[in-house]
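Visitor: This one is start.pdb, PDB, C-alpha atoms, pLDDT in the B column.
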```pdb
ATOM      1  CA  GLN E   8     308.563  59.805 -19.950  1.00 94.00           C
ATOM      2  CA  ILE E   9     305.474  60.763 -17.932  1.00 95.00           C
ATOM      3  CA  SER E  10     303.268  57.766 -18.818  1.00 97.00           C
ATOM      4  CA  PRO E  11     303.617  54.595 -20.920  1.00 97.00           C
ATOM      5  CA  ASN E  12     302.722  56.324 -24.222  1.00 96.00           C
ATOM      6  CA  TYR E  13     303.619  59.974 -23.569  1.00 95.00           C
ATOM      7  CA  ASN E  14     306.679  61.983 -22.754  1.00 91.00           C
ATOM      8  CA  LEU E  15     306.985  65.637 -21.908  1.00 89.00           C
ATOM      9  CA  ALA E  16     307.883  66.640 -25.471  1.00 85.00           C
ATOM     10  CA  ASN E  17     304.783  64.885 -26.934  1.00 86.00           C
ATOM     11  CA  LEU E  18     302.588  67.111 -24.809  1.00 91.00           C
ATOM     12  CA  SER E  19     304.469  70.403 -25.144  1.00 84.00           C
ATOM     13  CA  CYS E  20     307.067  71.710 -27.566  1.00 68.00           C
ATOM     14  CA  ALA E  21     306.956  68.692 -29.920  1.00 57.00           C
ATOM     15  CA  SER E  22     303.168  68.342 -30.156  1.00 55.00           C
ATOM     16  CA  ILE E  23     301.476  68.693 -33.538  1.00 57.00           C
ATOM     17  CA  LEU E  24     300.534  72.310 -32.772  1.00 54.00           C
ATOM     18  CA  PRO E  25     303.374  73.407 -30.467  1.00 53.00           C
ATOM     19  CA  GLN E  26     302.693  76.624 -28.626  1.00 59.00           C
ATOM     20  CA  GLY E  27     305.813  77.083 -26.523  1.00 68.00           C
ATOM     21  CA  SER E  28     308.016  75.382 -24.039  1.00 78.00           C
ATOM     22  CA  ILE E  29     307.457  74.629 -20.390  1.00 86.00           C
ATOM     23  CA  PRO E  30     309.361  77.041 -18.100  1.00 86.00           C
ATOM     24  CA  ALA E  31     312.978  76.132 -17.428  1.00 86.00           C
ATOM     25  CA  PRO E  32     313.885  74.628 -14.054  1.00 89.00           C
ATOM     26  CA  GLY E  33     313.662  77.297 -11.365  1.00 92.00           C
ATOM     27  CA  ASN E  34     311.369  79.530 -13.438  1.00 90.00           C
ATOM     28  CA  THR E  35     307.609  79.988 -13.112  1.00 92.00           C
ATOM     29  CA  LYS E  36     304.798  81.261 -15.270  1.00 91.00           C
ATOM     30  CA  THR E  37     301.783  83.138 -13.984  1.00 92.00           C
ATOM     31  CA  HIS E  38     298.366  81.762 -14.882  1.00 94.00           C
ATOM     32  CA  PRO E  39     295.361  84.055 -14.317  1.00 93.00           C
ATOM     33  CA  THR E  40     293.379  81.297 -12.561  1.00 93.00           C
ATOM     34  CA  TYR E  41     296.020  79.027 -11.023  1.00 94.00           C
ATOM     35  CA  GLY E  42     298.660  81.617 -10.068  1.00 94.00           C
ATOM     36  CA  ALA E  43     302.404  80.957 -10.233  1.00 95.00           C
ATOM     37  CA  LEU E  44     303.146  77.575 -11.774  1.00 95.00           C
ATOM     38  CA  SER E  45     306.599  76.039 -11.655  1.00 95.00           C
ATOM     39  CA  ARG E  46     307.964  73.627 -14.232  1.00 92.00           C
ATOM     40  CA  GLU E  47     307.295  70.860 -11.696  1.00 95.00           C
ATOM     41  CA  ASP E  48     303.657  71.973 -11.249  1.00 96.00           C
ATOM     42  CA  ILE E  49     303.067  71.872 -15.006  1.00 95.00           C
ATOM     43  CA  ILE E  50     304.751  68.475 -15.376  1.00 95.00           C
ATOM     44  CA  LYS E  51     302.659  67.124 -12.484  1.00 97.00           C
ATOM     45  CA  ASN E  52     299.487  68.372 -14.225  1.00 97.00           C
ATOM     46  CA  LEU E  53     300.526  66.881 -17.578  1.00 97.00           C
ATOM     47  CA  THR E  54     301.357  63.579 -15.887  1.00 97.00           C
ATOM     48  CA  ALA E  55     297.922  63.422 -14.211  1.00 98.00           C
ATOM     49  CA  LEU E  56     296.301  64.266 -17.567  1.00 98.00           C
ATOM     50  CA  ALA E  57     298.300  61.570 -19.370  1.00 98.00           C
ATOM     51  CA  ILE E  58     297.622  58.852 -16.800  1.00 98.00           C
ATOM     52  CA  ASN E  59     293.946  59.594 -16.113  1.00 98.00           C
ATOM     53  CA  VAL E  60     292.763  60.711 -19.556  1.00 98.00           C
ATOM     54  CA  LEU E  61     295.163  59.977 -22.402  1.00 98.00           C
ATOM     55  CA  GLU E  62     296.246  56.457 -21.493  1.00 98.00           C
ATOM     56  CA  PRO E  63     292.696  55.043 -21.133  1.00 98.00           C
ATOM     57  CA  ILE E  64     291.634  56.722 -24.379  1.00 98.00           C
ATOM     58  CA  LYS E  65     294.718  55.515 -26.281  1.00 98.00           C
ATOM     59  CA  LYS E  66     294.086  51.959 -25.077  1.00 98.00           C
ATOM     60  CA  ALA E  67     290.444  52.017 -26.232  1.00 98.00           C
ATOM     61  CA  TYR E  68     291.032  54.108 -29.370  1.00 98.00           C
ATOM     62  CA  PRO E  69     294.593  53.519 -30.649  1.00 98.00           C
ATOM     63  CA  THR E  70     294.105  55.943 -33.563  1.00 98.00           C
ATOM     64  CA  MET E  71     293.881  58.874 -31.136  1.00 97.00           C
ATOM     65  CA  PHE E  72     296.535  61.557 -31.427  1.00 95.00           C
ATOM     66  CA  VAL E  73     297.202  64.729 -29.463  1.00 94.00           C
ATOM     67  CA  THR E  74     297.080  67.927 -31.497  1.00 92.00           C
ATOM     68  CA  ASN E  75     297.657  70.279 -28.592  1.00 90.00           C
ATOM     69  CA  ALA E  76     298.337  69.935 -24.873  1.00 92.00           C
ATOM     70  CA  TYR E  77     300.527  72.405 -22.961  1.00 92.00           C
ATOM     71  CA  ARG E  78     300.815  75.827 -24.514  1.00 88.00           C
ATOM     72  CA  ASN E  79     302.222  79.141 -23.418  1.00 84.00           C
ATOM     73  CA  ASP E  80     300.445  81.831 -25.387  1.00 80.00           C
ATOM     74  CA  GLY E  81     299.308  84.042 -22.523  1.00 76.00           C
ATOM     75  CA  ASN E  82     295.618  83.255 -22.094  1.00 84.00           C
ATOM     76  CA  LYS E  83     293.581  81.705 -19.287  1.00 90.00           C
ATOM     77  CA  SER E  84     293.056  78.293 -20.891  1.00 93.00           C
ATOM     78  CA  GLN E  85     293.724  75.161 -18.876  1.00 96.00           C
ATOM     79  CA  HIS E  86     296.199  74.258 -21.641  1.00 95.00           C
ATOM     80  CA  GLU E  87     298.389  76.984 -20.105  1.00 93.00           C
ATOM     81  CA  ALA E  88     298.566  75.021 -16.833  1.00 96.00           C
ATOM     82  CA  GLY E  89     299.185  71.612 -18.438  1.00 96.00           C
ATOM     83  CA  MET E  90     295.648  70.498 -17.574  1.00 97.00           C
ATOM     84  CA  ALA E  91     294.068  70.225 -21.039  1.00 97.00           C
ATOM     85  CA  VAL E  92     294.505  68.349 -24.287  1.00 97.00           C
ATOM     86  CA  ASP E  93     292.934  68.439 -27.760  1.00 96.00           C
ATOM     87  CA  LEU E  94     292.425  65.121 -29.557  1.00 96.00           C
ATOM     88  CA  GLN E  95     291.693  63.869 -33.034  1.00 97.00           C
ATOM     89  CA  PHE E  96     291.701  60.397 -34.600  1.00 98.00           C
ATOM     90  CA  THR E  97     293.302  59.076 -37.770  1.00 97.00           C
ATOM     91  CA  ASP E  98     290.340  56.768 -38.464  1.00 98.00           C
ATOM     92  CA  ILE E  99     287.821  59.632 -38.445  1.00 97.00           C
ATOM     93  CA  ALA E 100     287.986  60.614 -42.079  1.00 96.00           C
ATOM     94  CA  GLY E 101     285.970  61.369 -45.178  1.00 97.00           C
ATOM     95  CA  SER E 102     284.020  64.530 -45.821  1.00 96.00           C
ATOM     96  CA  ILE E 103     283.704  67.084 -43.042  1.00 96.00           C
ATOM     97  CA  ALA E 104     280.051  66.049 -42.643  1.00 96.00           C
ATOM     98  CA  ASP E 105     281.186  62.422 -42.196  1.00 97.00           C
ATOM     99  CA  GLN E 106     283.858  63.447 -39.694  1.00 97.00           C
ATOM    100  CA  ASN E 107     281.336  65.522 -37.742  1.00 97.00           C
ATOM    101  CA  ALA E 108     279.002  62.533 -37.480  1.00 97.00           C
ATOM    102  CA  GLN E 109     281.791  60.100 -36.534  1.00 98.00           C
ATOM    103  CA  ILE E 110     283.272  62.321 -33.816  1.00 98.00           C
ATOM    104  CA  VAL E 111     279.958  62.433 -31.917  1.00 98.00           C
ATOM    105  CA  THR E 112     279.910  58.644 -31.611  1.00 98.00           C
ATOM    106  CA  ARG E 113     283.575  58.627 -30.590  1.00 98.00           C
ATOM    107  CA  ALA E 114     283.006  61.403 -28.021  1.00 98.00           C
ATOM    108  CA  GLU E 115     280.115  59.487 -26.474  1.00 98.00           C
ATOM    109  CA  GLY E 116     282.325  56.394 -26.137  1.00 98.00           C
ATOM    110  CA  ILE E 117     285.138  58.390 -24.547  1.00 98.00           C
ATOM    111  CA  ARG E 118     282.750  60.147 -22.181  1.00 98.00           C
ATOM    112  CA  GLU E 119     281.472  56.757 -21.027  1.00 98.00           C
ATOM    113  CA  LEU E 120     285.036  55.442 -20.710  1.00 98.00           C
ATOM    114  CA  LEU E 121     286.194  58.365 -18.542  1.00 98.00           C
ATOM    115  CA  GLY E 122     283.151  58.448 -16.272  1.00 97.00           C
ATOM    116  CA  THR E 123     283.768  61.435 -14.007  1.00 95.00           C
ATOM    117  CA  ARG E 124     287.531  61.670 -14.687  1.00 96.00           C
ATOM    118  CA  PHE E 125     287.411  65.041 -16.456  1.00 98.00           C
ATOM    119  CA  ASP E 126     287.062  68.695 -15.597  1.00 98.00           C
ATOM    120  CA  GLN E 127     285.856  69.832 -19.016  1.00 97.00           C
ATOM    121  CA  PHE E 128     284.845  67.693 -21.959  1.00 98.00           C
ATOM    122  CA  LEU E 129     284.190  69.795 -25.037  1.00 98.00           C
ATOM    123  CA  LEU E 130     283.169  68.418 -28.413  1.00 98.00           C
ATOM    124  CA  GLU E 131     284.297  71.172 -30.786  1.00 98.00           C
ATOM    125  CA  PHE E 132     283.153  72.038 -34.300  1.00 97.00           C
ATOM    126  CA  LYS E 133     284.215  74.871 -36.654  1.00 96.00           C
ATOM    127  CA  THR E 134     282.713  76.363 -39.772  1.00 96.00           C
ATOM    128  CA  TYR E 135     286.069  77.888 -40.758  1.00 96.00           C
ATOM    129  CA  GLY E 136     289.788  77.002 -40.737  1.00 94.00           C
ATOM    130  CA  SER E 137     290.412  73.272 -41.061  1.00 92.00           C
ATOM    131  CA  TYR E 138     286.726  72.511 -40.336  1.00 96.00           C
ATOM    132  CA  ARG E 139     287.891  69.277 -38.651  1.00 96.00           C
ATOM    133  CA  PRO E 140     286.139  68.499 -35.355  1.00 98.00           C
ATOM    134  CA  TRP E 141     288.062  67.617 -32.211  1.00 97.00           C
ATOM    135  CA  ILE E 142     287.641  66.779 -28.548  1.00 98.00           C
ATOM    136  CA  HIS E 143     289.058  68.980 -25.772  1.00 98.00           C
ATOM    137  CA  ILE E 144     289.429  67.342 -22.362  1.00 98.00           C
ATOM    138  CA  SER E 145     290.827  68.866 -19.198  1.00 98.00           C
ATOM    139  CA  TYR E 146     291.661  67.171 -15.926  1.00 98.00           C
ATOM    140  CA  ARG E 147     292.311  68.679 -12.483  1.00 96.00           C
ATOM    141  CA  GLU E 148     293.540  66.288  -9.836  1.00 91.00           C
ATOM    142  CA  GLY E 149     290.735  66.012  -7.246  1.00 88.00           C
ATOM    143  CA  LYS E 150     288.834  69.079  -8.487  1.00 88.00           C
ATOM    144  CA  ASN E 151     286.914  67.996 -11.572  1.00 96.00           C
ATOM    145  CA  ARG E 152     283.674  69.823 -12.413  1.00 95.00           C
ATOM    146  CA  ASN E 153     282.472  67.353 -15.077  1.00 97.00           C
ATOM    147  CA  ASP E 154     281.549  70.214 -17.407  1.00 97.00           C
ATOM    148  CA  LEU E 155     280.222  68.582 -20.594  1.00 97.00           C
ATOM    149  CA  ARG E 156     279.468  70.763 -23.632  1.00 97.00           C
ATOM    150  CA  THR E 157     279.350  70.972 -27.400  1.00 98.00           C
ATOM    151  CA  PHE E 158     281.078  73.996 -28.910  1.00 97.00           C
ATOM    152  CA  LEU E 159     280.522  75.630 -32.278  1.00 97.00           C
ATOM    153  CA  ASN E 160     283.057  78.234 -33.392  1.00 97.00           C
ATOM    154  CA  ASP E 161     284.566  78.624 -29.895  1.00 94.00           C
ATOM    155  CA  LYS E 162     281.253  79.103 -28.065  1.00 96.00           C
ATOM    156  CA  THR E 163     278.797  76.752 -26.408  1.00 96.00           C
ATOM    157  CA  ALA E 164     276.376  75.657 -29.124  1.00 95.00           C
ATOM    158  CA  LEU E 165     272.658  76.303 -28.674  1.00 92.00           C
ATOM    159  CA  ASN E 166     271.511  73.591 -26.230  1.00 91.00           C
ATOM    160  CA  GLY E 167     275.176  72.537 -25.985  1.00 91.00           C
ATOM    161  CA  ALA E 168     275.533  72.684 -22.197  1.00 94.00           C
ATOM    162  CA  GLY E 169     275.473  69.108 -20.873  1.00 95.00           C
ATOM    163  CA  ASN E 170     275.126  67.594 -24.344  1.00 94.00           C
ATOM    164  CA  LEU E 171     277.261  65.983 -27.014  1.00 97.00           C
ATOM    165  CA  PHE E 172     275.826  66.400 -30.501  1.00 96.00           C
ATOM    166  CA  ASN E 173     276.620  67.623 -34.004  1.00 96.00           C
ATOM    167  CA  PRO E 174     275.343  71.219 -34.199  1.00 96.00           C
ATOM    168  CA  LEU E 175     275.980  71.211 -37.957  1.00 96.00           C
ATOM    169  CA  ALA E 176     273.815  68.182 -38.750  1.00 93.00           C
ATOM    170  CA  LYS E 177     270.885  68.840 -41.031  1.00 79.00           C
TER     171      LYS E 177
END
```
Just dump the structure as structure tokens.

Guide:
Amino acid sequence: QISPNYNLANLSCASILPQGSIPAPGNTKTHPTYGALSREDIIKNLTALAINVLEPIKKAYPTMFVTNAYRNDGNKSQHEAGMAVDLQFTDIAGSIADQNAQIVTRAEGIRELLGTRFDQFLLEFKTYGSYRPWIHISYREGKNRNDLRTFLNDKTALNGAGNLFNPLAK
């Protein structure tokens, strides 16, 4: 248990979209940005993420669920260091257009709730796959950049830097 509502499994191998297990005790993984990370380093990062980001959001928005946190698929994402999480909400439903509109309002509320307690805050939209929007938030203990953006198909949307909006709205 790393916080009141989250344990290590919830944020790694047992998450909705599991992408691999945290290194075994005594082993490390190499991250292109953060270097060698031990199991303890990754757990410390996940704990800080859970306490500073997930717990306040879960309290304010109980329908929030984690789709992806730690993963080990060999890229440079902050997920690979246990510093990032992807979120969706069971009460954001209806057509994809409705979900896209609802997630903007939810993202604005979460952004206000967190203040400056985030490294990256990405509101993400897709025009393929599940089409469902989600929020990506990363947290780095004491080193947060407060990078706020809207993404469309894995890239910053036009005028997306510093803004939360629905790039698919007509």

Visitor: Apply the PyMOL selection byres ((chain E and resi 68) around 12) to the displayed file and report the matching residues as a PDB file with C-alpha atoms, in the frame of the given file.

Guide:
```
ATOM      1  CA  VAL E  60     292.763  60.711 -19.556  1.00 98.00           C
ATOM      2  CA  LEU E  61     295.163  59.977 -22.402  1.00 98.00           C
ATOM      3  CA  GLU E  62     296.246  56.457 -21.493  1.00 98.00           C
ATOM      4  CA  PRO E  63     292.696  55.043 -21.133  1.00 98.00           C
ATOM      5  CA  ILE E  64     291.634  56.722 -24.379  1.00 98.00           C
ATOM      6  CA  LYS E  65     294.718  55.515 -26.281  1.00 98.00           C
ATOM      7  CA  LYS E  66     294.086  51.959 -25.077  1.00 98.00           C
ATOM      8  CA  ALA E  67     290.444  52.017 -26.232  1.00 98.00           C
ATOM      9  CA  PRO E  69     294.593  53.519 -30.649  1.00 98.00           C
ATOM     10  CA  THR E  70     294.105  55.943 -33.563  1.00 98.00           C
ATOM     11  CA  MET E  71     293.881  58.874 -31.136  1.00 97.00           C
ATOM     12  CA  PHE E  72     296.535  61.557 -31.427  1.00 95.00           C
ATOM     13  CA  LEU E  94     292.425  65.121 -29.557  1.00 96.00           C
ATOM     14  CA  GLN E  95     291.693  63.869 -33.034  1.00 97.00           C
ATOM     15  CA  PHE E  96     291.701  60.397 -34.600  1.00 98.00           C
ATOM     16  CA  THR E  97     293.302  59.076 -37.770  1.00 97.00           C
ATOM     17  CA  ASP E  98     290.340  56.768 -38.464  1.00 98.00           C
ATOM     18  CA  ILE E  99     287.821  59.632 -38.445  1.00 97.00           C
ATOM     19  CA  ARG E 113     283.575  58.627 -30.590  1.00 98.00           C
ATOM     20  CA  ALA E 114     283.006  61.403 -28.021  1.00 98.00           C
ATOM     21  CA  GLY E 116     282.325  56.394 -26.137  1.00 98.00           C
ATOM     22  CA  ILE E 117     285.138  58.390 -24.547  1.00 98.00           C
ATOM     23  CA  LEU E 120     285.036  55.442 -20.710  1.00 98.00           C
TER      24      LEU E 120
END
```

Visitor: I would like the residues chosen by the PyMOL selection byres ((chain E and resi 53) around 8) on the shown file; could you give them as a PyMOL selection string?

Guide: chain E and resi 9+15+18+49-52+54-57+77+89-90

Visitor: Would you translate the PyMOL selection byres ((chain E and resi 145-150) around 9) into the concrete set of residues it matches in this file, as a list in words?

Guide: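 This file gives the following for the PyMOL selection byres ((chain E and resi 145-150) around 9): Asn52, Ala55, Leu56, Asn59, Val60, Gln85, His86, Gly89, Met90, Ala91, Val92, Asp93, Arg124, Phe125, Asp126, Gln127, Phe128, Leu129, His143, Ile144, Asn151 and Arg152 of chain E.
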
Visitor: Output, as JSON, the centre and edge lengths in Å (one decimal) of the axis-aligned box that contains all listed atoms of range 30-42 of chain E with 3 Å of margin on each side.

Guide:
```
{"center_x": 303.6, "center_y": 79.3, "center_z": -14.1, "size_x": 26.5, "size_y": 15.4, "size_z": 14.0}
```

Visitor: When distances are computed from all atoms listed in the file, which of E:Ala76, E:Ile142, E:Ala88, E:Leu165 shows the smallest separation from Gln109 in chain E?

Guide: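 Looking at the shortest contact to Gln109 in chain E, the residue is E:Ile142.
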
Visitor: Quick one: distance from CA of Asn153 in chain E to CA of Gly136 in chain E in Å, one decimal?

Guide: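 Answer for the CA of Asn153 in chain E to CA of Gly136 in chain E separation: 28.4 Å.
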
Visitor: Between CA of Ala104 in chain E and CA of Leu175 in chain E, what distance in Å does the model show, to one decimal?

Guide: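 Distance reported for this atom pair: 8.1 Å.
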
Visitor: Could you tell me how far CA of Asp48 in chain E lies from CA of Lys162 in chain E, in Å and to one decimal?

Guide: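 For CA of Asp48 in chain E relative to CA of Lys162 in chain E, the distance reads 28.9 Å.
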
Visitor: Can you pull range 126-138 of chain E out of that block with all heavy atoms and hand it back as a PDB file, in the first residue's frame?

Guide:
```
ATOM      1  N   ASP E 126       4.182  18.016 -13.148  1.00  0.00           N
ATOM      2  CA  ASP E 126       5.270  18.281 -14.083  1.00  0.00           C
ATOM      3  C   ASP E 126       4.669  18.500 -15.470  1.00  0.00           C
ATOM      4  O   ASP E 126       4.881  19.523 -16.084  1.00  0.00           O
ATOM      5  CB  ASP E 126       6.275  17.130 -14.092  1.00  0.00           C
ATOM      6  CG  ASP E 126       7.489  17.448 -14.942  1.00  0.00           C
ATOM      7  OD1 ASP E 126       8.091  18.521 -14.730  1.00  0.00           O
ATOM      8  OD2 ASP E 126       7.829  16.643 -15.823  1.00  0.00           O
ATOM      9  N   GLN E 127       3.904  17.518 -15.927  1.00  0.00           N
ATOM     10  CA  GLN E 127       3.158  17.661 -17.180  1.00  0.00           C
ATOM     11  C   GLN E 127       1.693  17.375 -16.918  1.00  0.00           C
ATOM     12  O   GLN E 127       1.358  16.479 -16.148  1.00  0.00           O
ATOM     13  CB  GLN E 127       3.642  16.668 -18.239  1.00  0.00           C
ATOM     14  CG  GLN E 127       4.898  17.060 -18.943  1.00  0.00           C
ATOM     15  CD  GLN E 127       5.107  16.180 -20.164  1.00  0.00           C
ATOM     16  OE1 GLN E 127       4.957  14.967 -20.113  1.00  0.00           O
ATOM     17  NE2 GLN E 127       5.464  16.802 -21.267  1.00  0.00           N
ATOM     18  N   PHE E 128       0.846  18.130 -17.574  1.00  0.00           N
ATOM     19  CA  PHE E 128      -0.592  17.919 -17.533  1.00  0.00           C
ATOM     20  C   PHE E 128      -1.042  17.970 -18.981  1.00  0.00           C
ATOM     21  O   PHE E 128      -1.036  19.021 -19.606  1.00  0.00           O
ATOM     22  CB  PHE E 128      -1.257  19.027 -16.716  1.00  0.00           C
ATOM     23  CG  PHE E 128      -2.714  18.797 -16.414  1.00  0.00           C
ATOM     24  CD1 PHE E 128      -3.136  18.615 -15.110  1.00  0.00           C
ATOM     25  CD2 PHE E 128      -3.668  18.788 -17.420  1.00  0.00           C
ATOM     26  CE1 PHE E 128      -4.476  18.425 -14.809  1.00  0.00           C
ATOM     27  CE2 PHE E 128      -5.008  18.599 -17.140  1.00  0.00           C
ATOM     28  CZ  PHE E 128      -5.407  18.417 -15.821  1.00  0.00           C
ATOM     29  N   LEU E 129      -1.375  16.798 -19.518  1.00  0.00           N
ATOM     30  CA  LEU E 129      -1.751  16.700 -20.923  1.00  0.00           C
ATOM     31  C   LEU E 129      -3.189  16.225 -21.031  1.00  0.00           C
ATOM     32  O   LEU E 129      -3.540  15.174 -20.502  1.00  0.00           O
ATOM     33  CB  LEU E 129      -0.840  15.711 -21.661  1.00  0.00           C
ATOM     34  CG  LEU E 129       0.662  15.902 -21.497  1.00  0.00           C
ATOM     35  CD1 LEU E 129       1.416  14.792 -22.218  1.00  0.00           C
ATOM     36  CD2 LEU E 129       1.101  17.264 -21.985  1.00  0.00           C
ATOM     37  N   LEU E 130      -4.004  16.993 -21.726  1.00  0.00           N
ATOM     38  CA  LEU E 130      -5.361  16.593 -22.059  1.00  0.00           C
ATOM     39  C   LEU E 130      -5.266  15.963 -23.442  1.00  0.00           C
ATOM     40  O   LEU E 130      -4.870  16.632 -24.399  1.00  0.00           O
ATOM     41  CB  LEU E 130      -6.284  17.816 -22.050  1.00  0.00           C
ATOM     42  CG  LEU E 130      -7.735  17.595 -22.423  1.00  0.00           C
ATOM     43  CD1 LEU E 130      -8.376  16.526 -21.556  1.00  0.00           C
ATOM     44  CD2 LEU E 130      -8.497  18.905 -22.318  1.00  0.00           C
ATOM     45  N   GLU E 131      -5.574  14.676 -23.552  1.00  0.00           N
ATOM     46  CA  GLU E 131      -5.277  13.925 -24.773  1.00  0.00           C
ATOM     47  C   GLU E 131      -6.539  13.460 -25.495  1.00  0.00           C
ATOM     48  O   GLU E 131      -7.452  12.905 -24.881  1.00  0.00           O
ATOM     49  CB  GLU E 131      -4.392  12.730 -24.447  1.00  0.00           C
ATOM     50  CG  GLU E 131      -3.089  13.173 -23.784  1.00  0.00           C
ATOM     51  CD  GLU E 131      -1.968  12.188 -23.935  1.00  0.00           C
ATOM     52  OE1 GLU E 131      -1.831  11.600 -25.028  1.00  0.00           O
ATOM     53  OE2 GLU E 131      -1.216  12.016 -22.965  1.00  0.00           O
ATOM     54  N   PHE E 132      -6.524  13.678 -26.805  1.00  0.00           N
ATOM     55  CA  PHE E 132      -7.620  13.283 -27.690  1.00  0.00           C
ATOM     56  C   PHE E 132      -7.059  12.440 -28.832  1.00  0.00           C
ATOM     57  O   PHE E 132      -5.931  12.653 -29.262  1.00  0.00           O
ATOM     58  CB  PHE E 132      -8.301  14.515 -28.295  1.00  0.00           C
ATOM     59  CG  PHE E 132      -8.951  15.408 -27.271  1.00  0.00           C
ATOM     60  CD1 PHE E 132      -8.220  16.399 -26.626  1.00  0.00           C
ATOM     61  CD2 PHE E 132     -10.287  15.252 -26.946  1.00  0.00           C
ATOM     62  CE1 PHE E 132      -8.810  17.225 -25.684  1.00  0.00           C
ATOM     63  CE2 PHE E 132     -10.885  16.077 -25.998  1.00  0.00           C
ATOM     64  CZ  PHE E 132     -10.148  17.059 -25.368  1.00  0.00           C
ATOM     65  N   LYS E 133      -7.880  11.508 -29.344  1.00  0.00           N
ATOM     66  CA  LYS E 133      -7.482  10.661 -30.483  1.00  0.00           C
ATOM     67  C   LYS E 133      -8.610  10.615 -31.503  1.00  0.00           C
ATOM     68  O   LYS E 133      -9.781  10.638 -31.143  1.00  0.00           O
ATOM     69  CB  LYS E 133      -7.213   9.225 -30.025  1.00  0.00           C
ATOM     70  CG  LYS E 133      -6.065   9.066 -29.094  1.00  0.00           C
ATOM     71  CD  LYS E 133      -4.811   8.714 -29.810  1.00  0.00           C
ATOM     72  CE  LYS E 133      -3.727   8.443 -28.782  1.00  0.00           C
ATOM     73  NZ  LYS E 133      -2.585   7.831 -29.309  1.00  0.00           N
ATOM     74  N   THR E 134      -8.213  10.523 -32.754  1.00  0.00           N
ATOM     75  CA  THR E 134      -9.192  10.329 -33.826  1.00  0.00           C
ATOM     76  C   THR E 134      -9.101   8.907 -34.369  1.00  0.00           C
ATOM     77  O   THR E 134      -9.531   8.630 -35.486  1.00  0.00           O
ATOM     78  CB  THR E 134      -8.982  11.342 -34.968  1.00  0.00           C
ATOM     79  OG1 THR E 134      -7.662  11.190 -35.489  1.00  0.00           O
ATOM     80  CG2 THR E 134      -9.206  12.769 -34.488  1.00  0.00           C
ATOM     81  N   TYR E 135      -8.535   8.006 -33.566  1.00  0.00           N
ATOM     82  CA  TYR E 135      -8.439   6.590 -33.932  1.00  0.00           C
ATOM     83  C   TYR E 135      -8.390   5.771 -32.636  1.00  0.00           C
ATOM     84  O   TYR E 135      -8.367   6.334 -31.539  1.00  0.00           O
ATOM     85  CB  TYR E 135      -7.201   6.317 -34.795  1.00  0.00           C
ATOM     86  CG  TYR E 135      -5.892   6.688 -34.142  1.00  0.00           C
ATOM     87  CD1 TYR E 135      -5.206   5.772 -33.357  1.00  0.00           C
ATOM     88  CD2 TYR E 135      -5.347   7.957 -34.296  1.00  0.00           C
ATOM     89  CE1 TYR E 135      -4.019   6.111 -32.737  1.00  0.00           C
ATOM     90  CE2 TYR E 135      -4.153   8.302 -33.682  1.00  0.00           C
ATOM     91  CZ  TYR E 135      -3.493   7.364 -32.909  1.00  0.00           C
ATOM     92  OH  TYR E 135      -2.315   7.701 -32.298  1.00  0.00           O
ATOM     93  N   GLY E 136      -8.377   4.446 -32.772  1.00  0.00           N
ATOM     94  CA  GLY E 136      -8.353   3.570 -31.589  1.00  0.00           C
ATOM     95  C   GLY E 136      -9.660   3.651 -30.841  1.00  0.00           C
ATOM     96  O   GLY E 136     -10.735   3.610 -31.442  1.00  0.00           O
ATOM     97  N   SER E 137      -9.597   3.813 -29.522  1.00  0.00           N
ATOM     98  CA  SER E 137     -10.816   3.867 -28.716  1.00  0.00           C
ATOM     99  C   SER E 137     -11.530   5.211 -28.850  1.00  0.00           C
ATOM    100  O   SER E 137     -12.692   5.324 -28.498  1.00  0.00           O
ATOM    101  CB  SER E 137     -10.499   3.637 -27.238  1.00  0.00           C
ATOM    102  OG  SER E 137      -9.894   4.791 -26.684  1.00  0.00           O
ATOM    103  N   TYR E 138     -10.834   6.220 -29.318  1.00  0.00           N
ATOM    104  CA  TYR E 138     -11.348   7.591 -29.454  1.00  0.00           C
ATOM    105  C   TYR E 138     -11.607   8.267 -28.108  1.00  0.00           C
ATOM    106  O   TYR E 138     -11.871   9.454 -28.064  1.00  0.00           O
ATOM    107  CB  TYR E 138     -12.643   7.639 -30.286  1.00  0.00           C
ATOM    108  CG  TYR E 138     -12.481   7.200 -31.707  1.00  0.00           C
ATOM    109  CD1 TYR E 138     -12.631   5.871 -32.062  1.00  0.00           C
ATOM    110  CD2 TYR E 138     -12.164   8.117 -32.703  1.00  0.00           C
ATOM    111  CE1 TYR E 138     -12.484   5.458 -33.374  1.00  0.00           C
ATOM    112  CE2 TYR E 138     -12.015   7.711 -34.019  1.00  0.00           C
ATOM    113  CZ  TYR E 138     -12.171   6.376 -34.355  1.00  0.00           C
ATOM    114  OH  TYR E 138     -12.019   5.982 -35.647  1.00  0.00           O
TER     115      TYR E 138
END
```
